[in-house]
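Raw my_file23.cif, mmCIF, C-alpha atoms:
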data_target
loop_
_atom_site.label_atom_id
_atom_site.label_comp_id
_atom_site.auth_asym_id
_atom_site.auth_seq_id
_atom_site.Cartn_x
_atom_site.Cartn_y
_atom_site.Cartn_z
CA MET F 1 -103.96 315.45 -112.97
CA LYS F 2 -104.13 316.95 -109.54
CA ARG F 3 -106.62 314.31 -108.57
CA HIS F 4 -104.27 311.64 -109.98
CA TRP F 5 -101.32 312.86 -107.88
CA LEU F 6 -103.53 313.21 -104.82
CA PHE F 7 -104.67 309.60 -105.29
CA VAL F 8 -101.07 308.41 -105.71
CA LEU F 9 -100.00 310.34 -102.58
CA LEU F 10 -102.80 308.89 -100.51
CA LEU F 11 -102.01 305.42 -101.81
CA MET F 12 -98.34 305.80 -100.85
CA LEU F 13 -99.27 307.03 -97.40
CA ALA F 14 -101.63 304.13 -96.95
CA MET F 15 -98.95 301.66 -98.02
CA LEU F 16 -96.47 303.30 -95.65
CA MET F 17 -98.92 303.00 -92.76
CA VAL F 18 -99.62 299.38 -93.56
CA ALA F 19 -95.90 298.68 -93.78
CA CYS F 20 -95.25 300.39 -90.43
CA ASN F 21 -98.15 298.66 -88.76
CA GLY F 22 -97.15 295.37 -90.24
CA GLU F 23 -93.56 295.82 -89.11
CA GLY F 24 -94.81 296.90 -85.72
CA THR F 25 -97.03 293.87 -85.47
CA LYS F 26 -94.14 291.65 -86.44
CA ASP F 27 -91.93 293.17 -83.72
CA SER F 28 -94.71 292.87 -81.18
CA THR F 29 -95.21 289.24 -82.08
CA THR F 30 -91.51 288.57 -81.88
CA ASP F 31 -91.27 290.35 -78.52
CA GLY F 32 -94.27 288.40 -77.28
CA LYS F 33 -92.64 285.13 -78.31
CA ALA F 34 -89.43 286.13 -76.53
CA SER F 35 -91.38 287.05 -73.40
CA ALA F 36 -93.12 283.69 -73.43
CA ASP F 37 -89.77 281.93 -73.72
CA GLU F 38 -88.39 284.03 -70.88
CA THR F 39 -91.41 283.19 -68.76
CA LYS F 40 -90.92 279.52 -69.50
CA GLY F 41 -87.28 279.87 -68.54
CA ASP F 42 -88.24 281.61 -65.32
CA ALA F 43 -90.54 278.73 -64.43
CA GLU F 44 -87.79 276.20 -65.03
CA GLU F 45 -84.69 278.07 -63.87
CA GLY F 46 -86.02 281.23 -62.27
CA GLY F 47 -89.05 282.24 -60.28
CA THR F 48 -89.11 282.75 -56.53
CA ILE F 49 -88.65 280.60 -53.45
CA LYS F 50 -90.68 282.09 -50.60
CA ILE F 51 -89.81 281.42 -46.96
CA GLY F 52 -92.11 282.42 -44.13
CA VAL F 53 -90.38 283.04 -40.80
CA LEU F 54 -92.40 283.07 -37.58
CA ALA F 55 -90.71 284.83 -34.66
CA SER F 56 -91.48 286.76 -31.48
CA LEU F 57 -90.71 290.24 -32.82
CA THR F 58 -92.52 291.91 -29.92
CA GLY F 59 -93.15 290.93 -26.31
CA ALA F 60 -91.11 289.03 -23.74
CA LEU F 61 -89.09 287.06 -26.31
CA GLU F 62 -88.56 289.98 -28.68
CA SER F 63 -84.78 289.89 -28.41
CA TYR F 64 -84.76 286.19 -29.35
CA GLY F 65 -86.94 286.78 -32.38
CA LYS F 66 -84.82 289.63 -33.64
CA GLN F 67 -81.63 287.61 -33.18
CA THR F 68 -83.17 284.85 -35.29
CA GLN F 69 -84.21 287.40 -37.92
CA ARG F 70 -80.74 288.89 -38.21
CA GLY F 71 -79.14 285.47 -38.33
CA PHE F 72 -81.56 284.21 -40.96
CA ASP F 73 -80.96 287.18 -43.25
CA LEU F 74 -77.20 286.80 -42.90
CA GLY F 75 -77.49 283.05 -43.45
CA ILE F 76 -79.32 283.43 -46.77
CA GLU F 77 -76.69 285.93 -47.87
CA TYR F 78 -73.79 283.73 -46.79
CA ALA F 79 -75.17 280.50 -48.25
CA THR F 80 -75.97 282.09 -51.62
CA GLY F 81 -72.72 284.02 -51.90
CA GLY F 82 -74.65 287.28 -51.76
CA LYS F 83 -76.82 286.43 -54.79
CA MET F 84 -79.94 285.75 -52.71
CA GLU F 85 -80.99 283.04 -55.16
CA VAL F 86 -80.65 279.30 -55.73
CA ASN F 87 -80.50 277.76 -59.19
CA GLY F 88 -81.70 281.04 -60.68
CA LYS F 89 -84.65 281.31 -58.30
CA LYS F 90 -84.80 284.40 -56.13
CA ILE F 91 -85.27 283.88 -52.40
CA GLU F 92 -87.92 286.02 -50.73
CA VAL F 93 -88.32 286.00 -46.94
CA VAL F 94 -91.55 287.07 -45.23
CA TYR F 95 -91.45 287.68 -41.46
CA GLU F 96 -94.46 287.45 -39.18
CA ASP F 97 -94.66 288.32 -35.48
CA THR F 98 -96.27 285.58 -33.37
CA GLU F 99 -96.35 287.89 -30.32
CA THR F 100 -95.46 284.71 -28.38
CA LYS F 101 -99.12 283.66 -28.54
CA PRO F 102 -99.94 280.22 -29.99
CA GLU F 103 -103.26 281.38 -31.45
CA VAL F 104 -101.52 284.28 -33.20
CA ALA F 105 -98.79 281.94 -34.43
CA VAL F 106 -101.45 279.74 -36.08
CA GLN F 107 -103.11 282.78 -37.69
CA LYS F 108 -99.81 284.09 -39.04
CA ALA F 109 -98.68 280.68 -40.27
CA THR F 110 -102.00 280.19 -42.07
CA LYS F 111 -101.59 283.60 -43.68
CA LEU F 112 -98.09 282.70 -44.85
CA LEU F 113 -99.27 279.40 -46.31
CA GLU F 114 -102.51 280.55 -47.92
CA ASP F 115 -101.93 284.19 -48.86
CA ASP F 116 -98.17 284.41 -49.30
CA LYS F 117 -97.90 280.88 -50.73
CA VAL F 118 -94.60 280.20 -48.96
CA ASP F 119 -92.54 277.14 -49.83
CA PHE F 120 -91.03 276.84 -46.32
CA LEU F 121 -91.92 277.77 -42.76
CA VAL F 122 -89.27 278.63 -40.18
CA GLY F 123 -89.70 279.27 -36.46
CA SER F 124 -90.45 280.07 -33.87
CA SER F 125 -89.03 281.71 -30.74
CA SER F 126 -91.49 279.96 -28.42
CA SER F 127 -92.06 276.22 -28.06
CA GLY F 128 -95.76 276.87 -27.43
CA ASP F 129 -96.08 278.81 -30.69
CA THR F 130 -94.15 276.16 -32.58
CA LEU F 131 -96.18 273.22 -31.27
CA ALA F 132 -99.36 274.99 -32.34
CA VAL F 133 -98.07 275.41 -35.89
CA LEU F 134 -96.59 271.93 -36.47
CA PRO F 135 -99.86 270.39 -37.75
CA LEU F 136 -100.10 273.08 -40.45
CA ALA F 137 -96.79 271.99 -41.96
CA GLU F 138 -98.21 268.51 -42.36
CA GLU F 139 -101.60 269.74 -43.60
CA TYR F 140 -100.07 271.96 -46.29
CA LYS F 141 -97.18 269.57 -46.99
CA LYS F 142 -94.48 272.20 -46.48
CA ILE F 143 -91.08 271.81 -44.82
CA MET F 144 -90.86 273.61 -41.49
CA VAL F 145 -87.40 274.27 -40.09
CA VAL F 146 -87.77 274.74 -36.34
CA GLU F 147 -85.53 277.41 -34.83
CA PRO F 148 -84.96 278.10 -31.95
CA ALA F 149 -87.81 276.41 -30.00
CA VAL F 150 -86.40 273.60 -27.84
CA ALA F 151 -89.31 271.49 -26.54
CA ASP F 152 -88.46 267.80 -26.92
CA SER F 153 -92.01 267.09 -28.07
CA ILE F 154 -91.41 269.03 -31.31
CA THR F 155 -89.21 266.25 -32.64
CA GLY F 156 -90.78 263.77 -30.23
CA SER F 157 -94.45 263.08 -29.60
CA GLU F 158 -95.67 265.89 -31.90
CA PHE F 159 -93.26 265.15 -34.74
CA ASN F 160 -94.34 264.83 -38.36
CA LYS F 161 -92.14 264.15 -41.38
CA TYR F 162 -92.18 267.76 -42.60
CA ILE F 163 -90.44 269.01 -39.44
CA PHE F 164 -86.67 269.56 -39.35
CA ARG F 165 -84.99 271.31 -36.43
CA THR F 166 -81.70 273.22 -36.53
CA GLY F 167 -82.26 274.46 -32.98
CA ARG F 168 -81.08 272.14 -30.25
CA ASN F 169 -83.70 270.45 -28.08
CA SER F 170 -84.11 270.30 -24.32
CA SER F 171 -82.39 266.94 -24.07
CA GLN F 172 -79.28 268.25 -25.80
CA ASP F 173 -79.18 271.06 -23.26
CA ALA F 174 -79.74 268.55 -20.49
CA TYR F 175 -76.91 266.24 -21.49
CA ALA F 176 -74.52 269.19 -21.57
CA ALA F 177 -75.82 270.55 -18.25
CA ALA F 178 -75.71 267.21 -16.46
CA ALA F 179 -72.16 266.56 -17.61
CA ALA F 180 -71.13 269.80 -15.87
CA ILE F 181 -72.50 269.07 -12.36
CA ALA F 182 -74.15 265.65 -11.92
CA GLY F 183 -72.50 262.73 -10.17
CA LYS F 184 -73.16 259.98 -7.67
CA GLY F 185 -74.83 261.30 -4.51
CA VAL F 186 -75.15 264.92 -5.74
CA LYS F 187 -78.43 266.54 -4.71
CA ILE F 188 -79.95 268.91 -7.25
CA ALA F 189 -83.02 271.17 -7.24
CA THR F 190 -84.42 272.51 -10.51
CA PHE F 191 -86.18 275.80 -11.22
CA ALA F 192 -87.99 276.50 -14.49
CA PRO F 193 -90.92 278.40 -16.06
CA ASP F 194 -94.26 276.63 -15.92
CA TYR F 195 -94.81 275.79 -19.60
CA SER F 196 -93.55 273.33 -22.21
CA PHE F 197 -90.05 274.85 -22.43
CA GLY F 198 -89.55 274.47 -18.69
CA TRP F 199 -91.26 271.11 -18.31
CA ASP F 200 -89.30 269.49 -21.11
CA GLY F 201 -86.05 271.07 -19.95
CA VAL F 202 -86.38 269.72 -16.42
CA LYS F 203 -87.59 266.31 -17.58
CA ALA F 204 -84.61 265.90 -19.88
CA PHE F 205 -82.12 267.19 -17.29
CA LYS F 206 -83.54 264.88 -14.62
CA THR F 207 -83.15 261.86 -16.89
CA ALA F 208 -79.57 262.75 -17.77
CA ALA F 209 -78.57 263.66 -14.19
CA GLU F 210 -80.07 260.55 -12.63
CA LYS F 211 -78.19 258.39 -15.13
CA LEU F 212 -75.03 259.94 -13.71
CA GLY F 213 -76.11 259.10 -10.14
CA ALA F 214 -77.51 262.46 -9.01
CA GLU F 215 -80.72 262.89 -6.99
CA ILE F 216 -83.34 265.50 -7.94
CA VAL F 217 -84.68 266.69 -4.58
CA LEU F 218 -87.06 269.40 -5.88
CA GLU F 219 -88.71 270.45 -9.13
CA GLU F 220 -89.93 274.03 -8.79
CA TYR F 221 -91.91 275.83 -11.52
CA ALA F 222 -92.86 279.51 -11.73
CA ASP F 223 -95.22 281.62 -13.79
CA PRO F 224 -93.14 282.67 -16.84
CA ALA F 225 -94.62 286.17 -16.66
CA ALA F 226 -93.87 286.60 -12.94
CA THR F 227 -91.48 289.22 -11.61
CA ASP F 228 -91.27 287.99 -8.02
CA PHE F 229 -89.79 284.52 -7.47
CA THR F 230 -89.20 284.80 -3.71
CA SER F 231 -91.62 282.04 -2.69
CA ASN F 232 -90.24 279.68 -5.35
CA LEU F 233 -86.65 280.27 -4.33
CA GLN F 234 -87.50 279.85 -0.64
CA LYS F 235 -88.67 276.32 -1.43
CA VAL F 236 -85.34 275.68 -3.11
CA MET F 237 -83.41 276.83 -0.04
CA ASN F 238 -85.60 274.69 2.21
CA ALA F 239 -84.75 271.62 0.11
CA LYS F 240 -81.00 272.19 0.77
CA PRO F 241 -79.64 270.85 -2.52
CA ASP F 242 -75.96 270.89 -3.50
CA TYR F 243 -76.88 272.58 -6.78
CA LEU F 244 -79.75 274.64 -8.14
CA PHE F 245 -80.07 273.99 -11.88
CA VAL F 246 -82.05 276.76 -13.59
CA VAL F 247 -83.83 276.48 -16.92
CA TRP F 248 -85.00 279.91 -18.08
CA ALA F 249 -85.77 282.07 -21.10
CA GLY F 250 -87.04 285.63 -21.37
CA ALA F 251 -86.31 289.08 -20.03
CA ASN F 252 -87.78 288.56 -16.53
CA SER F 253 -85.00 286.27 -15.32
CA PRO F 254 -84.57 285.20 -11.67
CA TRP F 255 -80.86 286.06 -11.37
CA ASN F 256 -81.25 289.28 -9.38
CA GLN F 257 -83.42 287.59 -6.78
CA ILE F 258 -81.07 284.61 -6.58
CA ALA F 259 -78.33 287.10 -5.75
CA ASP F 260 -80.50 289.10 -3.34
CA LEU F 261 -81.40 285.95 -1.41
CA LYS F 262 -77.70 285.01 -1.23
CA ILE F 263 -78.45 281.46 -2.30
CA GLN F 264 -74.84 280.71 -3.17
CA GLU F 265 -73.70 281.97 0.21
CA LYS F 266 -76.00 279.38 1.77
CA GLY F 267 -73.91 276.67 0.16
CA ILE F 268 -76.12 276.05 -2.89
CA LYS F 269 -74.16 276.25 -6.14
CA ILE F 270 -75.96 277.65 -9.18
CA SER F 271 -75.73 276.02 -12.58
CA THR F 272 -77.45 276.87 -15.82
CA GLY F 273 -76.99 277.37 -19.50
CA ALA F 274 -75.21 280.61 -20.32
CA PRO F 275 -78.01 282.84 -21.66
CA ASP F 276 -78.00 285.72 -24.12
CA ILE F 277 -75.85 288.79 -23.46
CA ILE F 278 -78.69 290.84 -21.99
CA ALA F 279 -79.30 288.17 -19.36
CA LEU F 280 -75.56 287.66 -18.75
CA LYS F 281 -75.44 291.27 -17.53
CA PHE F 282 -77.51 290.18 -14.53
CA MET F 283 -75.26 287.22 -13.73
CA ASN F 284 -72.25 288.99 -12.20
CA PRO F 285 -73.03 287.30 -8.86
CA LEU F 286 -72.51 283.96 -10.65
CA VAL F 287 -68.89 284.52 -11.73
CA GLY F 288 -67.09 281.18 -11.42
CA MET F 289 -70.23 279.15 -12.13
CA GLU F 290 -69.71 276.13 -14.35
CA GLY F 291 -72.45 275.22 -16.79
CA PHE F 292 -72.96 274.95 -20.51
CA SER F 293 -73.47 277.19 -23.51
CA VAL F 294 -75.43 276.74 -26.71
CA TYR F 295 -73.37 279.53 -28.30
CA TYR F 296 -71.19 282.46 -27.44
CA HIS F 297 -69.39 284.20 -30.26
CA THR F 298 -65.86 283.36 -29.06
CA LEU F 299 -66.49 279.64 -28.50
CA PRO F 300 -66.71 278.08 -32.00
CA GLN F 301 -63.58 278.25 -34.13
CA ASN F 302 -64.57 277.89 -37.79
CA ASP F 303 -64.83 279.98 -40.95
CA VAL F 304 -68.62 280.31 -40.89
CA ASN F 305 -68.62 281.72 -37.37
CA LYS F 306 -65.74 284.03 -38.23
CA TRP F 307 -67.77 285.44 -41.14
CA LEU F 308 -70.85 285.82 -38.93
CA VAL F 309 -69.00 287.66 -36.17
CA GLU F 310 -67.22 290.01 -38.58
CA GLU F 311 -70.31 290.83 -40.65
CA HIS F 312 -72.57 291.22 -37.63
CA GLN F 313 -70.15 293.65 -35.98
CA LYS F 314 -69.75 295.56 -39.23
CA ARG F 315 -73.49 295.95 -39.80
CA PHE F 316 -74.93 296.20 -36.31
CA ASN F 317 -71.94 297.38 -34.27
CA GLU F 318 -72.30 294.46 -31.89
CA VAL F 319 -71.46 290.77 -31.74
CA PRO F 320 -73.98 288.05 -32.63
CA ASP F 321 -75.93 286.77 -29.66
CA LEU F 322 -77.31 283.44 -28.47
CA PHE F 323 -79.88 282.79 -31.22
CA THR F 324 -78.25 284.61 -34.13
CA PRO F 325 -76.25 281.55 -35.29
CA GLY F 326 -79.39 279.43 -35.09
CA GLY F 327 -81.19 281.70 -37.53
CA MET F 328 -78.15 281.51 -39.79
CA SER F 329 -78.04 277.71 -39.52
CA ALA F 330 -81.72 277.42 -40.48
CA ALA F 331 -81.13 279.56 -43.57
CA ILE F 332 -78.03 277.60 -44.55
CA SER F 333 -79.90 274.30 -44.24
CA ILE F 334 -82.65 275.49 -46.58
CA VAL F 335 -80.22 276.80 -49.19
CA GLU F 336 -78.17 273.60 -48.94
CA ALA F 337 -81.27 271.47 -49.52
CA LEU F 338 -82.45 273.63 -52.44
CA THR F 339 -79.00 273.49 -53.99
CA LYS F 340 -79.11 269.70 -53.87
CA SER F 341 -82.65 269.69 -55.34
CA ASN F 342 -81.68 272.12 -58.14
CA GLY F 343 -84.12 274.65 -56.73
CA ASP F 344 -87.07 272.26 -56.47
CA ALA F 345 -89.08 273.13 -53.35
CA ASP F 346 -91.28 270.02 -53.46
CA ALA F 347 -91.44 268.83 -49.86
CA GLU F 348 -91.31 265.12 -50.61
CA LYS F 349 -88.11 265.53 -52.63
CA LEU F 350 -86.62 267.78 -49.97
CA ILE F 351 -87.38 265.30 -47.17
CA ALA F 352 -85.36 262.64 -48.98
CA ILE F 353 -82.49 265.11 -49.38
CA MET F 354 -82.57 266.57 -45.87
CA GLU F 355 -82.74 263.30 -43.93
CA GLY F 356 -79.13 262.65 -42.92
CA MET F 357 -77.95 265.86 -44.60
CA SER F 358 -74.88 267.57 -43.09
CA PHE F 359 -74.18 271.28 -43.50
CA GLU F 360 -71.70 273.81 -42.16
CA THR F 361 -72.90 276.36 -39.61
CA PRO F 362 -71.42 278.86 -37.13
CA LYS F 363 -71.40 275.97 -34.64
CA GLY F 364 -69.56 273.65 -37.00
CA THR F 365 -71.08 270.70 -38.82
CA MET F 366 -74.75 269.93 -38.13
CA THR F 367 -76.51 266.79 -39.34
CA PHE F 368 -80.25 266.19 -39.53
CA ARG F 369 -80.74 262.81 -37.90
CA LYS F 370 -82.81 260.63 -40.23
CA GLU F 371 -85.06 259.17 -37.52
CA ASP F 372 -86.43 262.42 -36.07
CA HIS F 373 -84.88 265.24 -38.16
CA GLN F 374 -83.17 266.71 -35.08
CA ALA F 375 -79.91 268.46 -35.94
CA LEU F 376 -77.02 266.95 -34.04
CA GLN F 377 -74.61 269.73 -33.07
CA SER F 378 -71.80 270.82 -30.79
CA MET F 379 -72.42 272.29 -27.35
CA TYR F 380 -69.93 273.89 -24.97
CA SER F 381 -68.94 273.23 -21.36
CA ILE F 382 -68.09 276.65 -19.93
CA ARG F 383 -67.13 278.65 -16.88
CA LEU F 384 -68.30 282.22 -16.30
CA GLU F 385 -65.33 284.55 -15.86
CA LYS F 386 -64.91 288.28 -15.41
CA GLN F 387 -62.90 289.91 -18.20
CA ASP F 388 -61.54 293.45 -18.47
CA GLY F 389 -63.66 295.73 -20.61
CA VAL F 390 -66.73 293.48 -20.52
CA ASP F 391 -69.62 294.39 -18.23
CA TYR F 392 -70.91 290.83 -17.82
CA PRO F 393 -69.38 287.44 -16.97
CA VAL F 394 -68.00 285.84 -20.12
CA PRO F 395 -68.53 282.14 -20.98
CA VAL F 396 -65.04 280.67 -21.31
CA LEU F 397 -64.58 277.27 -22.92
CA ILE F 398 -63.75 274.30 -20.73
CA ARG F 399 -64.28 271.85 -23.56
CA GLU F 400 -66.40 271.43 -26.69
CA LEU F 401 -69.08 268.76 -26.41
CA SER F 402 -69.35 266.88 -29.69
CA PRO F 403 -72.63 266.29 -31.59
CA GLU F 404 -72.35 262.61 -30.73
CA GLU F 405 -71.80 263.35 -27.04
CA THR F 406 -74.92 265.50 -26.75
CA ALA F 407 -77.13 263.48 -29.12
CA PRO F 408 -80.57 263.26 -27.48
CA PRO F 409 -82.65 260.08 -27.35
CA ILE F 410 -85.00 259.44 -30.27
CA MET F 411 -88.48 260.12 -28.90
CA ASN F 412 -90.85 260.26 -31.88
#
Can you present the structure in this file as structure tokens?
Amino acid sequence: MKRHWLFVLLLMLAMLMVACNGEGTKDSTTDGKASADETKGDAEEGGTIKIGVLASLTGALESYGKQTQRGFDLGIEYATGGKMEVNGKKIEVVYEDTETKPEVAVQKATKLLEDDKVDFLVGSSSSGDTLAVLPLAEEYKKIMVVEPAVADSITGSEFNKYIFRTGRNSSQDAYAAAAAIAGKGVKIATFAPDYSFGWDGVKAFKTAAEKLGAEIVLEEYADPAATDFTSNLQKVMNAKPDYLFVVWAGANSPWNQIADLKIQEKGIKISTGAPDIIALKFMNPLVGMEGFSVYYHTLPQNDVNKWLVEEHQKRFNEVPDLFTPGGMSAAISIVEALTKSNGDADAEKLIAIMEGMSFETPKGTMTFRKEDHQALQSMYSIRLEKQDGVDYPVPVLIRELSPEETAPPIMN
């Protein structure tokens, strides 16, 4: 009898174990099926969009790179309403420092494309870095949004169909600059760094100024890493122009030496694009100068810029600077395109969407021109004025230059 009950007990335990294991297996199978469905859903409606941003996060153009980075992060947030996703797909941004070296830019871009498997490239701070990377966008068939590099050749001779630029180009700067000072019989000398940014800037300005009747009496170029520009500026003074138009970028600006040499007191008026705030601090001797601005936070009057200024002050305790809105514009353009594609990052589909696409930015409405993918955008004719409580001359609006007014020639 005892053996009988022991057998019955063992049988019941065995049945219980089978039942539990069977139920457990059923749950596991059900969970597995649900997970597969979720995974399928993620592939269709979820997943991740990866964006690789190339910027000069160290070196001479470090401030530019970090402005772009801040603007880009804020732009993704603004364009997605804080969700950081499009059509259920999360947006992931990977930043890489080009060190303002073309060979490093190529290495970092290749890493982003091959290892990180990014869907987009963005960048970079330097025209030299950007030009080196352009062929990779075509090779890997990925959209590259150029910001803030300005060389005309990017959307000109070196253009390929995967390139879209939210940053303005040298010719847009030139048309704004020429409108401020050029006229019949006006003699102008130019001064610029000796690389693609400077060459293209002067070439574009010369074309625009000569169309207005001005004469370019000297084109002077300097080593972009130099700290002493005395010999260059002496050549300018010897040429005796009415204006010295300066194209410059970077921390080692020539403004102190222009002041020390009293160039304006010799009857040569200075004109340039209003730079970032750090560089404006060295331009107190140029109060009253009339030139142009790509951006200063008080110039554009629109809701996007209002949001940018308020959020930037709240988070960083300072106003957005020259290249911050460009980073934001690049991010907005990508989100806008992905929204229209329902989250599809296929480059061929995006090209069809982005050609002619308009989108709202801190500078107002931008439009990617179909022919060369250059964003047409507003620029600003300004005068530098001293204002109470500000330790640098402030760009004050003379008039806004429309996207049509500053549209550069198609050069690709």
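Here atom CA of Phe120 of chain F stands at a distance of 11.6 Å from atom CA of Ala337 of chain F.
Atom CA of Ile51 of chain F is found 8.5 Å from atom CA of Tyr95 of chain F.
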Give me the residues within 7 Å of segment 375-385 of chain F as an mmCIF file with C-alpha atoms, keeping the file's coordinate frame, counting only C-alpha atoms and dropping any in the same chain fewer than 6 places off.
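Written file, around_28.cif:
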data_model
loop_
_atom_site.group_PDB
_atom_site.id
_atom_site.type_symbol
_atom_site.label_atom_id
_atom_site.label_comp_id
_atom_site.auth_asym_id
_atom_site.auth_seq_id
_atom_site.Cartn_x
_atom_site.Cartn_y
_atom_site.Cartn_z
ATOM 1 C CA ARG F 165 -84.990 271.310 -36.430
ATOM 2 C CA THR F 166 -81.700 273.220 -36.530
ATOM 3 C CA ARG F 168 -81.080 272.140 -30.250
ATOM 4 C CA ALA F 176 -74.520 269.190 -21.570
ATOM 5 C CA ALA F 180 -71.130 269.800 -15.870
ATOM 6 C CA VAL F 287 -68.890 284.520 -11.730
ATOM 7 C CA GLY F 288 -67.090 281.180 -11.420
ATOM 8 C CA MET F 289 -70.230 279.150 -12.130
ATOM 9 C CA GLU F 290 -69.710 276.130 -14.350
ATOM 10 C CA GLY F 291 -72.450 275.220 -16.790
ATOM 11 C CA PHE F 292 -72.960 274.950 -20.510
ATOM 12 C CA SER F 293 -73.470 277.190 -23.510
ATOM 13 C CA VAL F 294 -75.430 276.740 -26.710
ATOM 14 C CA LYS F 363 -71.400 275.970 -34.640
ATOM 15 C CA THR F 365 -71.080 270.700 -38.820
ATOM 16 C CA MET F 366 -74.750 269.930 -38.130
ATOM 17 C CA THR F 367 -76.510 266.790 -39.340
ATOM 18 C CA PHE F 368 -80.250 266.190 -39.530
ATOM 19 C CA ARG F 369 -80.740 262.810 -37.900
ATOM 20 C CA PRO F 393 -69.380 287.440 -16.970
ATOM 21 C CA VAL F 394 -68.000 285.840 -20.120
ATOM 22 C CA PRO F 395 -68.530 282.140 -20.980
ATOM 23 C CA VAL F 396 -65.040 280.670 -21.310
ATOM 24 C CA LEU F 397 -64.580 277.270 -22.920
ATOM 25 C CA ILE F 398 -63.750 274.300 -20.730
ATOM 26 C CA ARG F 399 -64.280 271.850 -23.560
ATOM 27 C CA GLU F 400 -66.400 271.430 -26.690
ATOM 28 C CA LEU F 401 -69.080 268.760 -26.410
ATOM 29 C CA SER F 402 -69.350 266.880 -29.690
ATOM 30 C CA PRO F 403 -72.630 266.290 -31.590
ATOM 31 C CA ALA F 407 -77.130 263.480 -29.120
#
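Counting from atom CA of Thr406 of chain F, the distance to atom CA of Ala179 of chain F is 9.6 Å.
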Name the residues that the PyMOL selection byres ((chain F and resi 64-68) around 12) picks from the file above, as number ranges by chain, using the file's chain letters and numbers.
-> F: 53-63, 69-75, 95-100, 122-126, 146-149, 166-167, 249-251, 275-279, 312, 316, 318-331
Residue nearest Gly52 of chain F - candidates F:Asn412, F:Ile91, F:Val309, F:Pro193, atoms counted: only C-alpha atoms = F:Ile91
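Across F:Val145, F:Leu280, F:Ala192, F:Leu233, the tightest approach to Phe245 of chain F is made by F:Ala192 when counting all atoms listed in the file.
Closest to Glu265 of chain F among F:Val335, F:Met237, F:Ile76, F:Val104 is F:Met237, based on only C-alpha atoms.
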Ala345 of chain F: which residues within 9 Å, counting only C-alpha atoms, same-chain residues fewer than 2 positions away excluded, as a ChimeraX atom specification?
-> /F:49,119-120,142-143,337-338,341-343,347-350
Export of the given selection (C-alpha atoms) as a compact mmCIF listing (two decimals), in the frame of the given file:
# COMPACT_ATOMS: atom_id res chain seq x y z
CA ILE F 49 -88.65 280.60 -53.45
CA ASP F 119 -92.54 277.14 -49.83
CA PHE F 120 -91.03 276.84 -46.32
CA LYS F 142 -94.48 272.20 -46.48
CA ILE F 143 -91.08 271.81 -44.82
CA ALA F 337 -81.27 271.47 -49.52
CA LEU F 338 -82.45 273.63 -52.44
CA SER F 341 -82.65 269.69 -55.34
CA ASN F 342 -81.68 272.12 -58.14
CA GLY F 343 -84.12 274.65 -56.73
CA ALA F 347 -91.44 268.83 -49.86
CA GLU F 348 -91.31 265.12 -50.61
CA LYS F 349 -88.11 265.53 -52.63
CA LEU F 350 -86.62 267.78 -49.97
For the point (-88.0, 273.9, -27.1) in the file's frame, write as a ChimeraX atom specification all residues with an atom no more than 7 Å away, counting all atoms listed in the file.
-> /F:127,149-152,169-170,197
Please save C-alpha atoms of the selected residues as a PDB file, in the coordinates of the input.
ATOM      1  CA  SER F 127     -92.060 276.220 -28.060  1.00  0.00           C
ATOM      2  CA  ALA F 149     -87.810 276.410 -30.000  1.00  0.00           C
ATOM      3  CA  VAL F 150     -86.400 273.600 -27.840  1.00  0.00           C
ATOM      4  CA  ALA F 151     -89.310 271.490 -26.540  1.00  0.00           C
ATOM      5  CA  ASP F 152     -88.460 267.800 -26.920  1.00  0.00           C
ATOM      6  CA  ASN F 169     -83.700 270.450 -28.080  1.00  0.00           C
ATOM      7  CA  SER F 170     -84.110 270.300 -24.320  1.00  0.00           C
ATOM      8  CA  PHE F 197     -90.050 274.850 -22.430  1.00  0.00           C
TER       9      PHE F 197
END
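The nearest approach to Ile351 of chain F among the residues F:Lys269, F:Lys161, F:Arg315, F:Lys89, with only C-alpha atoms taken into account, belongs to F:Lys161.
The residue set within 8 Å of Ile410 of chain F, counting all atoms listed in the file and dropping same-chain residues fewer than 2 places from it, reads Gly156, Glu371, Asp372, Pro408 and Asn412 of chain F.
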Taking all atoms of segment 395-404 of chain F that the file lists, what box with edges along x, y and z, padded by 4 Å per side, do you get, with centre and edge lengths in Å to one decimal, as JSON?
{"center_x": -68.2, "center_y": 272.4, "center_z": -26.2, "size_x": 16.9, "size_y": 27.5, "size_z": 18.9}
Looking at only C-alpha atoms, which of F:Tyr392, F:Tyr221, F:Asp129, F:Thr207 is the one that sits closest to Leu286 of chain F?
-> F:Tyr392
Got a sec to resolve the PyMOL selection byres ((chain F and resi 202) around 10) on this structure and send the residues as a list in words?
-> Ser170, Ser171, Ala174, Ala189, Thr190, Phe191, Ala192, Pro193, Ser196, Phe197, Gly198, Trp199, Asp200, Gly201, Lys203, Ala204, Phe205, Lys206, Thr207, Ala208, Ile216, Glu219, Glu220, Tyr221, Phe245, Val246 and Val247 of chain F
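Applied to the file shown here, the PyMOL selection byres ((chain F and resi 242) around 9) selects the residues Val186, Lys187, Ile188, Ala189, Lys240, Pro241, Tyr243, Leu244, Gly267, Ile268, Lys269 and Ile270 of chain F.
Between Phe282 of chain F and the residues F:Ile258, F:Ala209, F:Leu113, F:Val133, the shortest atom-to-atom distance, using all atoms listed in the file, involves F:Ile258.
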Counting only C-alpha atoms, what is within 8 Å of Pro362 of chain F, bar same-chain residues fewer than 5 positions away, as number ranges by chain?
-> F: 300, 302-306, 308, 325, 328-329
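Shell of Glu336 of chain F at 9 Å, with all atoms listed in the file counted and residues fewer than 2 places along the chain excluded, is Ala79, Ala331, Ile332, Ser333, Ile334, Leu338, Thr339, Lys340, Ser341, Met354, Met357 and Phe359 of chain F.
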